[in-house]
file protein00.txt (compact mmCIF, C-alpha atoms)
# COMPACT_ATOMS: atom_id res chain seq x y z
CA MET L 1 296.31 106.17 -10.82
CA ALA L 2 295.07 105.49 -7.32
CA GLN L 3 295.53 108.70 -5.36
CA ALA L 4 295.27 107.37 -1.86
CA LEU L 5 295.39 104.14 0.06
CA GLU L 6 295.04 104.31 3.83
CA PRO L 7 297.68 102.39 5.82
CA ASP L 8 295.07 100.16 7.48
CA ALA L 9 293.43 99.40 4.13
CA ALA L 10 296.81 98.54 2.57
CA ARG L 11 297.59 96.22 5.49
CA ARG L 12 294.26 94.38 5.16
CA LEU L 13 294.72 93.97 1.41
CA LEU L 14 298.22 92.55 1.74
CA VAL L 15 297.12 90.12 4.47
CA THR L 16 294.30 89.00 2.18
CA VAL L 17 296.79 88.41 -0.63
CA ALA L 18 299.01 86.39 1.72
CA GLN L 19 296.16 84.25 3.02
CA THR L 20 293.96 83.68 -0.03
CA ARG L 21 295.95 84.85 -3.07
CA ASN L 22 293.10 87.17 -3.89
CA VAL L 23 293.82 88.85 -7.26
CA ASP L 24 291.37 91.72 -6.71
CA ALA L 25 293.10 92.67 -3.46
CA PHE L 26 296.45 92.56 -5.24
CA GLU L 27 295.11 94.70 -8.08
CA THR L 28 294.18 97.46 -5.64
CA LEU L 29 297.69 97.34 -4.18
CA PHE L 30 299.22 97.26 -7.67
CA ARG L 31 297.25 100.27 -8.88
CA PHE L 32 298.47 102.29 -5.90
CA TYR L 33 302.09 101.13 -5.68
CA ALA L 34 303.07 100.37 -9.30
CA PRO L 35 303.17 104.02 -10.46
CA ARG L 36 305.10 104.98 -7.32
CA VAL L 37 307.63 102.19 -7.64
CA ARG L 38 308.05 103.03 -11.35
CA SER L 39 308.81 106.65 -10.43
CA PHE L 40 311.24 105.49 -7.73
CA MET L 41 313.08 103.34 -10.26
CA ALA L 42 313.03 106.05 -12.96
CA LEU L 43 314.77 108.52 -10.61
CA LYS L 44 317.83 106.32 -10.77
CA VAL L 45 317.80 104.33 -14.01
CA ARG L 46 316.40 107.11 -16.26
CA ASP L 47 315.47 104.56 -18.98
CA ARG L 48 311.67 104.16 -18.95
CA GLN L 49 311.74 100.59 -20.20
CA VAL L 50 314.18 99.49 -17.50
CA ALA L 51 312.18 101.33 -14.83
CA GLU L 52 309.07 99.47 -16.03
CA GLU L 53 310.87 96.10 -15.78
CA LEU L 54 312.19 96.84 -12.29
CA MET L 55 308.70 97.91 -11.22
CA GLN L 56 307.24 94.65 -12.55
CA GLU L 57 309.92 92.69 -10.70
CA THR L 58 309.22 94.57 -7.47
CA MET L 59 305.46 94.01 -7.67
CA ALA L 60 305.98 90.34 -8.55
CA SER L 61 307.98 90.08 -5.29
CA VAL L 62 305.18 91.79 -3.38
CA TRP L 63 302.89 89.01 -4.66
CA SER L 64 305.32 86.17 -4.01
CA LYS L 65 306.61 87.37 -0.61
CA ALA L 66 303.27 88.56 0.79
CA THR L 67 303.41 85.91 3.53
CA GLN L 68 306.65 87.45 4.81
CA PHE L 69 305.03 90.80 5.56
CA ASP L 70 304.49 91.15 9.28
CA PRO L 71 301.20 93.06 9.75
CA GLU L 72 302.10 93.71 13.39
CA ARG L 73 305.12 95.73 12.45
CA GLY L 74 305.55 98.61 10.12
CA HIS L 75 303.50 99.76 7.21
CA VAL L 76 302.99 98.22 3.78
CA SER L 77 304.60 101.24 2.09
CA ALA L 78 307.78 100.79 4.13
CA TRP L 79 307.84 97.10 3.20
CA VAL L 80 307.30 97.85 -0.51
CA PHE L 81 310.11 100.39 -0.30
CA THR L 82 312.53 97.76 1.08
CA ILE L 83 311.60 95.35 -1.74
CA ALA L 84 312.07 98.04 -4.41
CA ARG L 85 315.38 99.04 -2.80
CA ASN L 86 316.60 95.44 -2.89
CA VAL L 87 315.53 94.99 -6.52
CA ARG L 88 317.51 98.12 -7.40
CA ILE L 89 320.56 96.87 -5.47
CA ASP L 90 320.41 93.52 -7.31
CA PHE L 91 320.05 95.28 -10.65
CA TYR L 92 323.34 97.07 -10.03
CA ARG L 93 324.91 93.82 -8.77
CA ARG L 94 325.75 95.30 -5.42
CA ARG L 95 325.65 93.45 -2.13
CA ARG L 96 323.98 94.59 1.06
CA PRO L 97 324.73 92.21 3.96
CA GLN L 98 321.77 91.75 6.32
CA PHE L 99 321.28 90.40 9.83
CA ASP L 100 319.54 87.06 10.28
CA ALA L 101 316.87 86.93 13.01
CA SER L 102 317.12 83.11 13.19
CA ASP L 103 320.88 83.17 13.95
CA PRO L 104 321.56 81.91 17.52
CA VAL L 105 323.97 84.81 18.12
CA PHE L 106 321.29 87.34 17.12
CA VAL L 107 320.14 89.45 20.10
CA ALA L 108 316.34 89.48 20.02
CA ASP L 109 314.10 92.27 21.29
CA SER L 110 313.19 92.06 24.94
CA ALA L 111 309.81 90.44 25.63
CA PRO L 112 307.15 92.32 23.67
CA PRO L 113 304.31 93.97 25.58
CA ALA L 114 300.86 92.49 25.05
CA ASP L 115 299.66 95.42 22.98
CA GLU L 116 302.71 95.57 20.74
CA GLU L 117 300.60 95.16 17.62
CA PHE L 118 298.54 98.18 18.56
CA GLU L 119 301.71 100.14 19.31
CA HIS L 120 303.23 99.40 15.94
CA ARG L 121 300.06 100.51 14.17
CA GLN L 122 300.20 103.70 16.20
CA ASP L 123 303.85 104.07 15.15
CA ALA L 124 302.94 104.15 11.46
CA LYS L 125 300.37 106.85 12.16
CA LEU L 126 302.65 108.92 14.43
CA LEU L 127 305.49 108.67 11.93
CA ARG L 128 303.27 110.03 9.16
CA GLU L 129 302.04 112.89 11.30
CA ALA L 130 305.59 113.75 12.33
CA MET L 131 306.78 113.60 8.69
CA ALA L 132 304.16 116.19 7.80
CA THR L 133 305.73 118.63 10.27
CA LEU L 134 309.31 118.37 8.94
CA PRO L 135 310.64 121.46 7.16
CA GLN L 136 310.91 121.12 3.37
CA GLU L 137 314.72 121.39 3.50
CA GLN L 138 314.86 118.20 5.61
CA ILE L 139 312.29 116.37 3.46
CA GLU L 140 314.34 117.25 0.39
CA VAL L 141 317.48 115.65 1.85
CA LEU L 142 315.56 112.50 2.86
CA GLN L 143 313.96 112.19 -0.59
CA LYS L 144 317.34 112.42 -2.27
CA ALA L 145 318.86 109.93 0.17
CA PHE L 146 316.11 107.33 -0.27
CA PHE L 147 315.22 107.74 -3.93
CA GLU L 148 318.22 108.91 -5.92
CA ASP L 149 320.73 106.27 -4.84
CA ILE L 150 323.45 108.80 -4.04
CA SER L 151 325.76 109.24 -1.07
CA HIS L 152 325.35 112.03 1.43
CA SER L 153 328.43 113.77 0.04
CA THR L 154 326.85 113.74 -3.44
CA ILE L 155 323.64 115.17 -1.96
CA ALA L 156 325.73 117.97 -0.47
CA GLU L 157 327.33 118.68 -3.86
CA GLU L 158 324.01 118.68 -5.69
CA LEU L 159 322.41 121.04 -3.20
CA GLY L 160 325.51 123.21 -2.98
CA LEU L 161 325.70 122.70 0.78
CA PRO L 162 328.51 121.75 3.13
CA ILE L 163 328.36 118.04 4.05
CA GLY L 164 327.96 119.04 7.69
CA THR L 165 324.69 120.83 6.84
CA VAL L 166 323.33 117.74 5.09
CA LYS L 167 324.26 115.56 8.05
CA SER L 168 322.71 117.96 10.53
CA ARG L 169 319.43 118.05 8.54
CA ILE L 170 319.40 114.24 8.64
CA ARG L 171 320.02 114.25 12.39
CA LEU L 172 317.35 116.86 13.06
CA ALA L 173 314.78 115.02 10.93
CA PHE L 174 315.27 111.67 12.65
CA ALA L 175 315.52 113.23 16.11
CA LYS L 176 312.06 114.69 15.52
CA LEU L 177 310.64 111.43 14.14
CA ARG L 178 312.05 109.45 17.05
CA SER L 179 310.75 111.84 19.66
CA ALA L 180 307.29 111.60 18.04
CA LEU L 181 307.48 107.81 18.39
CA GLU L 182 308.79 107.94 21.95
CA GLY L 183 306.06 110.39 22.93
CA ARG L 184 303.49 107.60 22.88
CA ARG L 185 305.42 105.32 25.23
CA MET A 1 325.90 94.58 29.33
CA THR A 2 324.08 97.24 27.38
CA ILE A 3 325.25 98.76 24.14
CA LYS A 4 326.12 102.42 24.66
CA HIS A 5 327.62 103.42 21.32
CA HIS A 6 325.37 103.07 18.32
CA ILE A 7 325.54 103.50 14.56
CA SER A 8 325.20 107.16 13.54
CA ASP A 9 322.13 108.39 11.64
CA ASP A 10 324.48 109.09 8.76
CA PHE A 11 325.59 105.45 8.31
CA LEU A 12 322.20 104.01 9.22
CA LEU A 13 320.37 106.15 6.66
CA GLU A 14 322.75 105.14 3.87
CA TYR A 15 322.22 101.52 4.90
CA ALA A 16 318.41 101.99 4.93
CA ALA A 17 318.57 103.65 1.51
CA GLY A 18 320.78 100.88 0.11
CA THR A 19 323.54 103.27 -0.92
CA LEU A 20 326.11 102.14 1.63
CA SER A 21 328.79 99.95 0.08
CA GLU A 22 329.27 96.31 1.07
CA GLY A 23 332.15 96.75 3.53
CA TRP A 24 330.42 99.43 5.61
CA SER A 25 327.13 97.55 5.32
CA LEU A 26 328.77 94.47 6.83
CA GLY A 27 329.75 96.56 9.87
CA VAL A 28 326.28 98.11 10.18
CA ALA A 29 324.44 94.78 9.73
CA SER A 30 326.65 93.07 12.33
CA HIS A 31 325.89 95.82 14.85
CA LEU A 32 322.17 95.55 14.01
CA ALA A 33 322.29 91.81 14.80
CA LEU A 34 323.37 92.71 18.35
CA CYS A 35 321.31 95.87 18.87
CA PRO A 36 317.47 95.82 19.01
CA GLU A 37 317.48 99.59 19.55
CA CYS A 38 319.17 100.29 16.23
CA ARG A 39 316.84 97.85 14.47
CA GLU A 40 313.98 100.02 15.75
CA ARG A 41 315.76 103.07 14.38
CA LEU A 42 316.22 101.32 11.04
CA ALA A 43 312.51 100.42 10.97
CA ALA A 44 311.63 104.09 11.62
CA MET A 45 313.84 105.14 8.71
CA GLU A 46 312.23 102.59 6.41
CA GLY A 47 308.87 103.85 7.66
CA ALA A 48 309.90 107.37 6.66
CA ALA A 49 310.92 106.06 3.23
CA GLY A 50 307.50 104.40 2.88
CA ALA A 51 305.72 107.64 3.79
CA LEU A 52 307.78 109.48 1.15
CA LEU A 53 307.06 106.75 -1.41
CA ASP A 54 303.31 107.35 -0.91
CA LYS A 55 303.83 110.98 -1.85
CA ILE A 56 306.30 110.53 -4.71
CA ASP A 57 305.34 112.20 -8.01
CA ALA A 58 303.82 109.17 -9.75
CA THR A 59 302.47 110.75 -12.90
CA SER A 60 303.77 108.33 -15.46
CA PRO A 61 304.91 109.90 -18.75
CA GLY A 62 302.98 108.09 -21.46
CA GLY A 63 302.97 104.64 -19.90
CA SER A 64 299.67 102.86 -19.58
CA GLU A 65 298.60 101.62 -16.18
CA GLU A 66 296.14 99.26 -17.85
CA ASP A 67 298.92 97.61 -19.89
CA ALA A 68 301.12 97.36 -16.82
CA TRP A 69 298.40 95.66 -14.81
CA ALA A 70 297.41 93.36 -17.69
CA ARG A 71 301.01 92.23 -17.94
CA MET A 72 301.33 91.69 -14.20
CA LYS A 73 298.02 89.81 -14.02
CA GLY A 74 299.10 87.56 -16.87
CA ARG A 75 302.26 86.63 -14.98
CA LEU A 76 300.74 85.93 -11.56
CA GLY A 77 300.12 82.25 -12.25
CA GLU A 78 303.77 81.69 -13.12
CA ILE A 79 305.28 83.45 -10.12
CA ARG A 80 306.51 81.03 -7.51
CA VAL A 81 304.84 81.95 -4.25
CA GLU A 82 306.96 81.83 -1.12
CA GLU A 83 304.84 80.07 1.46
CA VAL A 84 307.57 80.05 4.07
CA LEU A 85 306.61 82.02 7.08
CA ARG A 86 308.58 84.92 8.43
CA ASP A 87 311.91 84.23 10.10
CA ALA A 88 311.35 82.61 13.45
CA PRO A 89 312.58 84.80 16.29
CA ALA A 90 315.82 83.82 17.98
CA PRO A 91 315.25 81.26 20.78
CA SER A 92 315.69 83.70 23.64
CA ALA A 93 316.14 87.36 24.27
CA ALA A 94 319.82 86.94 25.02
CA LEU A 95 321.78 89.78 26.53
CA ALA A 96 324.41 91.43 24.41
CA THR A 97 327.20 89.29 25.77
CA ALA A 98 329.22 86.70 23.96
CA GLY A 99 327.36 83.64 25.20
CA PRO A 100 327.71 79.96 24.47
CA GLN A 101 325.94 80.56 21.16
CA GLY A 102 329.02 82.22 19.76
CA VAL A 103 330.79 85.50 19.26
CA LEU A 104 330.35 86.47 15.62
CA PRO A 105 326.77 87.20 14.51
CA GLU A 106 325.49 86.80 10.97
CA PRO A 107 326.19 88.14 8.41
CA LEU A 108 329.75 88.50 9.72
CA ARG A 109 330.25 84.81 10.61
CA SER A 110 329.59 83.67 7.04
CA TYR A 111 331.99 86.29 5.67
CA VAL A 112 334.72 85.14 8.05
CA GLY A 113 333.99 81.46 7.39
CA GLY A 114 333.19 80.46 10.98
CA ASP A 115 333.27 81.74 14.54
CA ILE A 116 336.45 83.13 16.09
CA HIS A 117 337.68 79.73 17.30
CA GLU A 118 337.06 78.00 14.00
CA VAL A 119 339.11 80.17 11.70
CA LYS A 120 342.79 80.74 11.26
CA TRP A 121 344.10 83.95 12.74
CA ARG A 122 347.22 85.39 11.22
CA ALA A 123 349.79 86.40 13.79
CA LEU A 124 351.03 89.95 13.50
CA GLY A 125 353.56 89.71 16.33
CA ARG A 126 353.40 91.47 19.71
CA GLY A 127 350.40 89.30 20.51
CA ALA A 128 348.16 90.81 17.84
CA TYR A 129 346.29 88.79 15.23
CA GLN A 130 344.11 89.58 12.27
CA ILE A 131 341.80 88.02 9.72
CA LEU A 132 341.31 89.82 6.43
CA ILE A 133 337.71 89.61 5.24
CA ASP A 134 337.12 89.34 1.55
CA THR A 135 334.23 91.41 0.21
CA GLY A 136 333.43 92.49 -3.33
CA ASP A 137 333.84 96.09 -2.18
CA ARG A 138 336.99 97.76 -3.48
CA THR A 139 336.29 100.99 -1.62
CA THR A 140 336.81 99.55 1.85
CA GLN A 141 339.18 97.31 3.79
CA THR A 142 337.50 94.95 6.22
CA ARG A 143 339.25 92.91 8.89
CA LEU A 144 338.88 91.27 12.27
CA LEU A 145 341.58 92.30 14.69
CA ARG A 146 342.57 90.81 18.01
CA ILE A 147 344.39 93.29 20.23
CA PRO A 148 346.27 91.86 23.21
CA ALA A 149 344.89 92.73 26.66
CA GLY A 150 346.27 96.00 28.01
CA LYS A 151 348.01 96.91 24.79
CA PRO A 152 348.08 100.63 23.96
CA VAL A 153 347.98 101.92 20.42
CA PRO A 154 350.00 104.96 19.27
CA GLU A 155 348.22 108.29 19.11
CA HIS A 156 347.12 109.15 15.60
CA THR A 157 344.50 110.79 13.41
CA HIS A 158 342.43 109.31 10.59
CA GLN A 159 342.51 110.20 6.94
CA GLY A 160 339.14 108.72 6.11
CA ARG A 161 336.13 107.20 7.79
CA GLU A 162 336.60 104.24 10.08
CA LEU A 163 334.03 102.02 11.77
CA THR A 164 335.06 99.74 14.63
CA LEU A 165 332.64 97.21 16.14
CA VAL A 166 333.67 95.45 19.36
CA LEU A 167 332.83 91.73 19.34
CA SER A 168 334.66 90.50 22.42
CA GLY A 169 336.50 92.19 25.28
CA SER A 170 336.68 95.97 25.32
CA PHE A 171 338.88 98.97 24.66
CA ARG A 172 339.10 102.49 25.99
CA ASP A 173 340.10 105.77 24.41
CA GLU A 174 339.63 109.51 25.04
CA VAL A 175 335.99 109.19 23.98
CA ASP A 176 334.84 106.36 26.27
CA ARG A 177 334.98 102.63 26.95
CA PHE A 178 333.73 100.35 24.17
CA GLY A 179 332.42 96.82 24.86
CA ARG A 180 330.65 94.10 22.92
CA GLY A 181 328.26 95.54 20.36
CA ASP A 182 329.57 99.09 20.74
CA VAL A 183 330.54 100.97 17.60
CA GLU A 184 333.09 103.73 17.28
CA GLU A 185 333.00 105.82 14.14
CA ALA A 186 335.97 108.01 13.43
CA ASP A 187 337.01 110.45 10.76
CA GLY A 188 339.89 112.85 10.17
CA SER A 189 338.89 114.99 13.10
CA LEU A 190 339.34 112.38 15.79
CA LEU A 191 342.66 112.10 17.56
CA HIS A 192 342.51 109.18 19.94
CA GLN A 193 344.64 106.61 21.69
CA PRO A 194 342.73 103.34 22.03
CA LYS A 195 343.93 100.70 24.48
CA ALA A 196 342.53 97.21 25.01
CA ASP A 197 341.30 96.64 28.57
CA GLU A 198 343.48 94.56 30.90
CA ASP A 199 341.16 91.64 31.56
CA GLN A 200 341.09 90.07 28.09
CA ASP A 201 342.05 90.45 24.44
CA CYS A 202 339.80 92.71 22.42
CA ILE A 203 338.34 91.42 19.17
CA CYS A 204 336.97 94.04 16.77
CA LEU A 205 335.64 94.29 13.27
CA ALA A 206 337.37 97.22 11.61
CA VAL A 207 336.14 98.76 8.38
CA THR A 208 338.30 101.46 6.85
CA GLU A 209 338.37 103.39 3.63
CA ALA A 210 340.54 102.00 0.88
CA PRO A 211 343.10 102.64 -0.48
CA LEU A 212 344.81 102.30 2.83
CA LYS A 213 346.69 105.35 3.92
CA PHE A 214 348.28 103.57 6.87
CA SER A 215 346.55 106.02 9.11
CA SER A 216 343.96 104.04 11.00
CA TRP A 217 344.84 102.97 14.50
CA ILE A 218 344.29 99.36 13.53
CA VAL A 219 346.92 99.65 10.83
CA ARG A 220 349.24 101.73 13.01
CA LEU A 221 349.26 98.83 15.38
CA VAL A 222 350.46 96.37 12.78
CA GLN A 223 352.60 98.76 10.75
CA PRO A 224 355.81 98.33 12.75
CA ILE A 225 355.39 94.58 12.65
CA LEU A 226 354.77 94.32 8.92
CA LYS A 227 357.43 96.97 8.29
CA ILE A 228 355.10 98.82 5.93

call {"tool": "encode", "arguments": {"input": "protein00.txt", "output": "structure tokens"}}
result
Amino acid sequence: MAQALEPDAARRLLVTVAQTRNVDAFETLFRFYAPRVRSFMALKVRDRQVAEELMQETMASVWSKATQFDPERGHVSAWVFTIARNVRIDFYRRRRPQFDASDPVFVADSAPPADEEFEHRQDAKLLREAMATLPQEQIEVLQKAFFEDISHSTIAEELGLPIGTVKSRIRLAFAKLRSALEGRR
Amino acid sequence: MTIKHHISDDFLLEYAAGTLSEGWSLGVASHLALCPECRERLAAMEGAAGALLDKIDATSPGGSEEDAWARMKGRLGEIRVEEVLRDAPAPSAALATAGPQGVLPEPLRSYVGGDIHEVKWRALGRGAYQILIDTGDRTTQTRLLRIPAGKPVPEHTHQGRELTLVLSGSFRDEVDRFGRGDVEEADGSLLHQPKADEDQDCICLAVTEAPLKFSSWIVRLVQPILKI
């Protein structure tokens, strides 16, 4: 299993896949993300075979949707997470309405600064650094929220905490992450 | 006009994680369509999820990575590749006002079946109208409500969670004034007395917990009319 893949390296690999359909570049991405996506799926579905199928489906989407990844925004891992999340939602036949950036009523961002691409790359780095400083009790709540497909009230039950404590850990975690991102502006 | 009242971390995180049910998600997604700031917040949350995914315990019990890759590689030729480029950005950075482009953003407009002038409002009497929105979500009730200008709503508390998104006009309560794009989240602890502003009718998306306990202010408004 690939132990590490730097954000910039992952971005270059995915752009290469999008532009030239390079199988070697995709293999490097697969060897890093496949075990992680399989673990993500297994946390919810429990059945190893089903987790394997959902992982394969997610990675097939990474291959087929590579042109939709915007290298100027966000990090490959965040993008892979959203694909895995959507595969899991479809598997359970749920619906998650989404905004449509091409809708005329959609309110676009104000004019981007010239160095927006640089800023977004900095964001990924700052976010990671800030994540490393969060207390374990906040990380634990975020992991449960993102990976286990349970509501915040269920998280509270599982951890034996009042719901208000869970919500305040969420607030504190994102307040810190946001202030880390705002610090560079 | 700038949006002052945003989606809470609580709702936004459940939306980012994909655990929020369809009715609430419709309210969150419709606010996101109008609010670049909350889209940034959503992106930060998804970024946090990505950072956690990198560190997830990925030691696979028994499974072979070589087999998994061989299978994937064998399939690549058959996978239809989406060559379409990313969604084009909206034509202009419009302000958060209901412009000539329309009032209801996607995904709400498709759920309702058109913009506010194209669909049939159901009169509730006393100048109020509503449109019930059909979702596959049995845990929520979702509706558009048009409250007549200047109309007060009886004081009340909530039994469950309620999310109100203003789409046109504005209302005021003890908390603040709420205009287009603003969201008010309420739960059992909030006692408030909303009133539509005088200048125009107020159109809101209201998502409430089902089964209905006839406790939300939206329902209180229509209760005497429907005699329920």

call {"tool": "closest_atom_pairs", "arguments": {"input": "protein00.txt", "of": "region 58-95 of chain L", "to": "region 130-154 of chain L", "cutoff": "10 Å", "atoms": "only C-alpha atoms", "output": "Markdown table"}}
result
| residue | atom | partner | partner_atom | distance |
| --- | --- | --- | --- | --- |
| L:Phe81 | CA | L:Phe146 | CA | 9.2 |
| L:Arg85 | CA | L:Phe146 | CA | 8.7 |
| L:Arg88 | CA | L:Asp149 | CA | 9.1 |
| L:Ile89 | CA | L:Asp149 | CA | 9.4 |

call {"tool": "residues_around", "arguments": {"input": "protein00.txt", "residues": "Arg38 (chain L)", "least_positions_apart": "4", "cutoff": "10 Å", "atoms": "all atoms listed in the file", "output": "MDAnalysis selection string"}}
result
(chainID L and resid 33:34 42:43 48:56 58 84) or (chainID A and resid 58:60)

call {"tool": "write_last_selection", "arguments": {"input": "protein00.txt", "atoms": "C-alpha atoms", "output": "compact mmCIF listing (two decimals), in the coordinates of the input"}}
result
# COMPACT_ATOMS: atom_id res chain seq x y z
CA TYR L 33 302.09 101.13 -5.68
CA ALA L 34 303.07 100.37 -9.30
CA ALA L 42 313.03 106.05 -12.96
CA LEU L 43 314.77 108.52 -10.61
CA ARG L 48 311.67 104.16 -18.95
CA GLN L 49 311.74 100.59 -20.20
CA VAL L 50 314.18 99.49 -17.50
CA ALA L 51 312.18 101.33 -14.83
CA GLU L 52 309.07 99.47 -16.03
CA GLU L 53 310.87 96.10 -15.78
CA LEU L 54 312.19 96.84 -12.29
CA MET L 55 308.70 97.91 -11.22
CA GLN L 56 307.24 94.65 -12.55
CA THR L 58 309.22 94.57 -7.47
CA ALA L 84 312.07 98.04 -4.41
CA ALA A 58 303.82 109.17 -9.75
CA THR A 59 302.47 110.75 -12.90
CA SER A 60 303.77 108.33 -15.46

call {"tool": "atom_distance", "arguments": {"input": "protein00.txt", "atom1": "CA of Thr164 (chain A)", "atom2": "CA of Pro162 (chain L)"}}
result
25.7 Å

call {"tool": "residues_around", "arguments": {"input": "protein00.txt", "residues": "region 173-186 of chain A", "least_positions_apart": "3", "cutoff": "9 Å", "atoms": "only C-alpha atoms", "output": "JSON, numbers by chain"}}
result
{"A": [1, 2, 3, 4, 5, 6, 7, 8, 27, 30, 31, 32, 33, 34, 35, 96, 97, 98, 157, 158, 160, 161, 162, 163, 164, 165, 166, 167, 168, 169, 170, 189, 190, 191, 192, 193, 194, 195, 196, 197, 202, 203, 204]}

call {"tool": "closest_residue", "arguments": {"input": "protein00.txt", "among": "A:Gly77, A:Gly23, A:Pro107, A:Gly113", "to": "chain L", "atoms": "only C-alpha atoms"}}
result
A:Pro107

call {"tool": "residues_around", "arguments": {"input": "protein00.txt", "residues": "Ala10 (chain L)", "least_positions_apart": "5", "cutoff": "8 Å", "atoms": "all atoms listed in the file", "output": "ChimeraX atom specification"}}
result
/L:5,29,76

call {"tool": "closest_residue", "arguments": {"input": "protein00.txt", "among": "A:Leu108, A:Leu42, A:Ala17, A:Ala68", "to": "chain L", "atoms": "all atoms listed in the file"}}
result
A:Ala17

call {"tool": "residues_around", "arguments": {"input": "protein00.txt", "residues": "Ser61 (chain L)", "least_positions_apart": "3", "cutoff": "12 Å", "atoms": "only C-alpha atoms", "output": "ChimeraX atom specification"}}
result
/L:18,26,30,54-58,64-69,79-87 /A:72,75-76,79-82

call {"tool": "closest_residue", "arguments": {"input": "protein00.txt", "among": "L:Ala108, L:Leu126, L:Ala173, L:Ile155", "to": "chain A", "atoms": "all atoms listed in the file"}}
result
L:Ala108

call {"tool": "residues_around", "arguments": {"input": "protein00.txt", "residues": "region 10-12 of chain A", "least_positions_apart": "3", "cutoff": "8 Å", "atoms": "all atoms listed in the file", "output": "JSON, numbers by chain"}}
result
{"L": [152, 167, 170, 171], "A": [7, 15, 16, 20, 28, 42]}

call {"tool": "closest_residue", "arguments": {"input": "protein00.txt", "among": "A:Asp134, A:Asp199, A:Glu46, A:Asp115", "to": "chain L", "atoms": "all atoms listed in the file"}}
result
A:Glu46

call {"tool": "atom_distance", "arguments": {"input": "protein00.txt", "atom1": "CA of Arg93 (chain L)", "atom2": "CA of Ala48 (chain A)"}}
result
25.4 Å

call {"tool": "atom_distance", "arguments": {"input": "protein00.txt", "atom1": "CA of Val207 (chain A)", "atom2": "CA of Leu26 (chain A)"}}
result
8.7 Å

call {"tool": "closest_residue", "arguments": {"input": "protein00.txt", "among": "L:Ser77, L:Leu172, L:Asp90, L:Ala4", "to": "chain A", "atoms": "only C-alpha atoms"}}
result
L:Ser77

call {"tool": "closest_residue", "arguments": {"input": "protein00.txt", "among": "A:Glu209, A:Glu198, A:Glu118, A:Asp137", "to": "chain L", "atoms": "only C-alpha atoms"}}
result
A:Asp137

call {"tool": "build_atoms", "arguments": {"input": "protein00.txt", "residues": "region 190-203 of chain A", "atoms": "N, CA and C atoms", "output": "PDB file, in the coordinates of the input"}}
result
ATOM      1  N   LEU A 190     339.163 113.037  14.497  1.00  0.00           N
ATOM      2  CA  LEU A 190     339.340 112.380  15.790  1.00  0.00           C
ATOM      3  C   LEU A 190     340.801 111.995  16.028  1.00  0.00           C
ATOM      4  N   LEU A 191     341.334 112.502  17.133  1.00  0.00           N
ATOM      5  CA  LEU A 191     342.660 112.100  17.560  1.00  0.00           C
ATOM      6  C   LEU A 191     342.453 111.259  18.818  1.00  0.00           C
ATOM      7  N   HIS A 192     342.764 109.984  18.747  1.00  0.00           N
ATOM      8  CA  HIS A 192     342.510 109.180  19.940  1.00  0.00           C
ATOM      9  C   HIS A 192     343.594 108.118  20.121  1.00  0.00           C
ATOM     10  N   GLN A 193     343.605 107.571  21.333  1.00  0.00           N
ATOM     11  CA  GLN A 193     344.640 106.610  21.690  1.00  0.00           C
ATOM     12  C   GLN A 193     343.967 105.385  22.323  1.00  0.00           C
ATOM     13  N   PRO A 194     343.439 104.495  21.483  1.00  0.00           N
ATOM     14  CA  PRO A 194     342.730 103.340  22.030  1.00  0.00           C
ATOM     15  C   PRO A 194     343.685 102.362  22.717  1.00  0.00           C
ATOM     16  N   LYS A 195     343.143 101.687  23.739  1.00  0.00           N
ATOM     17  CA  LYS A 195     343.930 100.700  24.480  1.00  0.00           C
ATOM     18  C   LYS A 195     342.985  99.577  24.894  1.00  0.00           C
ATOM     19  N   ALA A 196     343.361  98.341  24.593  1.00  0.00           N
ATOM     20  CA  ALA A 196     342.530  97.210  25.010  1.00  0.00           C
ATOM     21  C   ALA A 196     342.515  97.124  26.519  1.00  0.00           C
ATOM     22  N   ASP A 197     341.381  96.781  27.117  1.00  0.00           N
ATOM     23  CA  ASP A 197     341.300  96.640  28.570  1.00  0.00           C
ATOM     24  C   ASP A 197     342.151  95.462  29.031  1.00  0.00           C
ATOM     25  N   GLU A 198     342.504  95.497  30.340  1.00  0.00           N
ATOM     26  CA  GLU A 198     343.480  94.560  30.900  1.00  0.00           C
ATOM     27  C   GLU A 198     342.982  93.127  30.999  1.00  0.00           C
ATOM     28  N   ASP A 199     341.650  92.966  31.188  1.00  0.00           N
ATOM     29  CA  ASP A 199     341.160  91.640  31.560  1.00  0.00           C
ATOM     30  C   ASP A 199     341.202  90.615  30.436  1.00  0.00           C
ATOM     31  N   GLN A 200     341.042  91.043  29.188  1.00  0.00           N
ATOM     32  CA  GLN A 200     341.090  90.070  28.090  1.00  0.00           C
ATOM     33  C   GLN A 200     341.421  90.751  26.771  1.00  0.00           C
ATOM     34  N   ASP A 201     341.788  89.922  25.780  1.00  0.00           N
ATOM     35  CA  ASP A 201     342.050  90.450  24.440  1.00  0.00           C
ATOM     36  C   ASP A 201     340.769  91.082  23.896  1.00  0.00           C
ATOM     37  N   CYS A 202     340.949  92.045  23.024  1.00  0.00           N
ATOM     38  CA  CYS A 202     339.800  92.710  22.420  1.00  0.00           C
ATOM     39  C   CYS A 202     339.708  92.338  20.946  1.00  0.00           C
ATOM     40  N   ILE A 203     338.552  91.787  20.570  1.00  0.00           N
ATOM     41  CA  ILE A 203     338.340  91.420  19.170  1.00  0.00           C
ATOM     42  C   ILE A 203     337.361  92.405  18.542  1.00  0.00           C
TER      43      ILE A 203
END
